[in-house]
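Asker: Just dropping this structure here.
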Amino acid sequence: LFVQLFDDDSPYLLDIGGRQTDIVELPFRWVLDDAPFFQYSIVLPGRTMQAPSAVLEAWTSEFDGLYAERRMMMVGMHPQIIGQPSRIKVLEGLIEHALSHSD
């Protein structure tokens with residue numbers, strides 16, 4: 001089962017038809033997905049790829065905000081997108097940033 005409700009910042013048990021299930025929803029946000037930053041489109045105006053440094057800045061900022069609020073961070077990544085040499089450094093930088101926090 002794949003559900004993306006985009007409706008919270010913390011995991012919770014999914015409610016279906018007024019009945020709570022044992023399915024845990026891990027909330028997701030587009031700002032924490034690699035596709036909107038790196039996908040290019042010749043059809044959609046203004047749809048250009050972002051610099052990896054800008055993505056790292058956005059993701060570390062999101063981490064800092066969520067960390068301060070004691071929230072979880074769910075990052076969506078696609079091997080064909082994040083797996084490029086310049087982009088994998090974004091993932092490495094994000095992991096290093098997260099590991100720099102003692103708890």
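Just remember, in the structure tokens the first chain shown is A, the second B, etc., residues are 1-based per chain, and ligands are 1-based in the order shown.
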Write out as an MDAnalysis selection string each polymer residue whose atoms come within 12 Å of A:Val31, counting only C-alpha atoms; drop sequence neighbours fewer than 6 positions from it.
Answerer: chainID A and resid 6 37:38 54:63 73:77
Asker: Hey, what's within 10 Å of A:Ala98 if we count only C-alpha atoms and toss same-chain stuff fewer than 4 positions away? As an MDAnalysis selection string, please?
Answerer: chainID A and resid 60 63:64 67 92:94 102:103
Asker: Name the residues of stretch 1-94 of chain A that come out as alpha helix (DSSP H) in a backbone DSSP run; write them as an MDAnalysis selection string.
Answerer: chainID A and resid 34:38 52:68 79:82 85:94
Asker: Could you take the residues named above and write them with N, CA and C atoms, as a short mmCIF file (atom, residue, chain, number, x, y, z; two decimals), in the first residue's frame?
Answerer:
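Saved result, out-v4.cif, follows:
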```
data_model
loop_
_atom_site.label_atom_id
_atom_site.label_comp_id
_atom_site.auth_asym_id
_atom_site.auth_seq_id
_atom_site.Cartn_x
_atom_site.Cartn_y
_atom_site.Cartn_z
N ASP A 34 13.81 15.05 -4.63
CA ASP A 34 14.82 15.50 -5.59
C ASP A 34 14.23 15.89 -6.94
N ALA A 35 13.09 15.32 -7.33
CA ALA A 35 12.53 15.56 -8.66
C ALA A 35 12.20 17.03 -8.94
N PRO A 36 11.48 17.74 -8.06
CA PRO A 36 11.17 19.14 -8.38
C PRO A 36 12.41 20.02 -8.57
N PHE A 37 13.49 19.68 -7.92
CA PHE A 37 14.72 20.48 -8.03
C PHE A 37 15.52 20.17 -9.29
N PHE A 38 15.54 18.92 -9.69
CA PHE A 38 16.46 18.52 -10.74
C PHE A 38 15.82 18.13 -12.07
N PRO A 52 23.04 22.08 -7.47
CA PRO A 52 23.10 21.20 -6.31
C PRO A 52 23.30 21.96 -4.99
N SER A 53 24.07 23.02 -5.02
CA SER A 53 24.30 23.80 -3.79
C SER A 53 23.00 24.41 -3.25
N ALA A 54 22.11 24.81 -4.15
CA ALA A 54 20.82 25.38 -3.73
C ALA A 54 19.94 24.30 -3.09
N VAL A 55 20.01 23.09 -3.63
CA VAL A 55 19.23 21.99 -3.08
C VAL A 55 19.75 21.62 -1.69
N LEU A 56 21.07 21.55 -1.55
CA LEU A 56 21.65 21.24 -0.24
C LEU A 56 21.25 22.31 0.78
N GLU A 57 21.27 23.55 0.38
CA GLU A 57 20.87 24.63 1.29
C GLU A 57 19.40 24.47 1.70
N ALA A 58 18.53 24.18 0.74
CA ALA A 58 17.11 24.00 1.04
C ALA A 58 16.90 22.82 1.98
N TRP A 59 17.55 21.70 1.70
CA TRP A 59 17.35 20.50 2.51
C TRP A 59 17.95 20.64 3.91
N THR A 60 19.10 21.28 4.03
CA THR A 60 19.66 21.46 5.38
C THR A 60 18.82 22.45 6.18
N SER A 61 18.25 23.44 5.50
CA SER A 61 17.33 24.37 6.18
C SER A 61 16.09 23.65 6.68
N GLU A 62 15.54 22.78 5.84
CA GLU A 62 14.38 21.99 6.25
C GLU A 62 14.75 21.10 7.44
N PHE A 63 15.91 20.46 7.36
CA PHE A 63 16.37 19.62 8.46
C PHE A 63 16.44 20.43 9.75
N ASP A 64 17.07 21.59 9.69
CA ASP A 64 17.23 22.42 10.89
C ASP A 64 15.88 22.80 11.49
N GLY A 65 14.93 23.18 10.65
CA GLY A 65 13.60 23.54 11.15
C GLY A 65 12.88 22.36 11.77
N LEU A 66 12.93 21.21 11.09
CA LEU A 66 12.28 20.02 11.62
C LEU A 66 12.98 19.51 12.88
N TYR A 67 14.29 19.59 12.89
CA TYR A 67 15.07 19.15 14.06
C TYR A 67 14.71 20.01 15.27
N ALA A 68 14.61 21.31 15.08
CA ALA A 68 14.26 22.22 16.18
C ALA A 68 12.88 21.91 16.75
N PRO A 79 17.02 7.13 -7.88
CA PRO A 79 18.40 6.83 -8.27
C PRO A 79 18.83 7.52 -9.56
N GLN A 80 17.91 7.62 -10.52
CA GLN A 80 18.26 8.24 -11.79
C GLN A 80 18.40 9.76 -11.68
N ILE A 81 17.92 10.34 -10.59
CA ILE A 81 18.01 11.79 -10.40
C ILE A 81 19.14 12.13 -9.44
N ILE A 82 19.08 11.62 -8.22
CA ILE A 82 20.09 11.96 -7.21
C ILE A 82 21.42 11.25 -7.48
N PRO A 85 26.85 12.39 -10.34
CA PRO A 85 28.00 12.78 -9.50
C PRO A 85 27.83 14.08 -8.72
N SER A 86 27.36 15.13 -9.36
CA SER A 86 27.23 16.41 -8.64
C SER A 86 26.09 16.37 -7.63
N ARG A 87 25.10 15.56 -7.90
CA ARG A 87 23.93 15.51 -7.03
C ARG A 87 24.13 14.59 -5.83
N ILE A 88 24.92 13.55 -5.99
CA ILE A 88 25.15 12.64 -4.87
C ILE A 88 25.86 13.38 -3.74
N LYS A 89 26.58 14.44 -4.10
CA LYS A 89 27.23 15.27 -3.08
C LYS A 89 26.19 15.98 -2.21
N VAL A 90 25.02 16.25 -2.78
CA VAL A 90 23.93 16.84 -1.99
C VAL A 90 23.52 15.86 -0.90
N LEU A 91 23.33 14.60 -1.28
CA LEU A 91 22.96 13.58 -0.31
C LEU A 91 24.05 13.41 0.75
N GLU A 92 25.30 13.36 0.31
CA GLU A 92 26.41 13.24 1.26
C GLU A 92 26.43 14.43 2.23
N GLY A 93 26.23 15.63 1.70
CA GLY A 93 26.23 16.83 2.54
C GLY A 93 25.08 16.83 3.54
N LEU A 94 23.92 16.36 3.11
CA LEU A 94 22.77 16.29 4.01
C LEU A 94 23.02 15.29 5.13
#
```
Asker: Please, which residues of chain A, numbered as in this document, come out strand (DSSP E or B) from DSSP, as an NGL selection string?
Answerer: :A and (12-16 or 19-25 or 33 or 76)
Asker: Quick one: pull the distance between atom CA of A:Thr21 and atom CA of A:Arg70, Å, one decimal.
Answerer: 24.6 Å
Asker: For A:Glu25, work out the shell of residues within 7 Å, counting only C-alpha atoms and skipping chain neighbours fewer than 2 positions away, then give it as a list in words.
Answerer: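 So the residues in contact are Pro11, Tyr12, Leu13, Leu14, Ile23 and Pro27 of chain A.
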Asker: Let me see the file: selected residues, N, CA and C atoms, as a PDB file, in the first residue's frame.
Answerer:
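Printed below is selection_0.pdb as written:
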```
ATOM      1  N   PRO A  11       4.789  11.030  11.831  1.00  0.00           N
ATOM      2  CA  PRO A  11       4.142   9.766  11.466  1.00  0.00           C
ATOM      3  C   PRO A  11       2.879   9.554  12.296  1.00  0.00           C
ATOM      4  N   TYR A  12       1.921   8.852  11.726  1.00  0.00           N
ATOM      5  CA  TYR A  12       0.688   8.551  12.442  1.00  0.00           C
ATOM      6  C   TYR A  12       0.055   7.303  11.842  1.00  0.00           C
ATOM      7  N   LEU A  13      -0.865   6.692  12.580  1.00  0.00           N
ATOM      8  CA  LEU A  13      -1.594   5.540  12.070  1.00  0.00           C
ATOM      9  C   LEU A  13      -2.675   6.026  11.120  1.00  0.00           C
ATOM     10  N   LEU A  14      -2.732   5.414   9.959  1.00  0.00           N
ATOM     11  CA  LEU A  14      -3.658   5.817   8.906  1.00  0.00           C
ATOM     12  C   LEU A  14      -5.086   5.434   9.267  1.00  0.00           C
ATOM     13  N   ILE A  23      -1.447   0.697   9.641  1.00  0.00           N
ATOM     14  CA  ILE A  23      -0.559   1.254   8.617  1.00  0.00           C
ATOM     15  C   ILE A  23      -0.029   2.602   9.099  1.00  0.00           C
ATOM     16  N   PRO A  27       4.629  11.065   6.550  1.00  0.00           N
ATOM     17  CA  PRO A  27       4.307  12.249   5.753  1.00  0.00           C
ATOM     18  C   PRO A  27       5.470  12.708   4.873  1.00  0.00           C
TER      19      PRO A  27
END
```
Asker: To one decimal place, how far is atom CA of A:Arg47 from atom CA of A:His78 in Å?
Answerer: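 Atom CA of A:His78 lies 18.2 Å from atom CA of A:Arg47.
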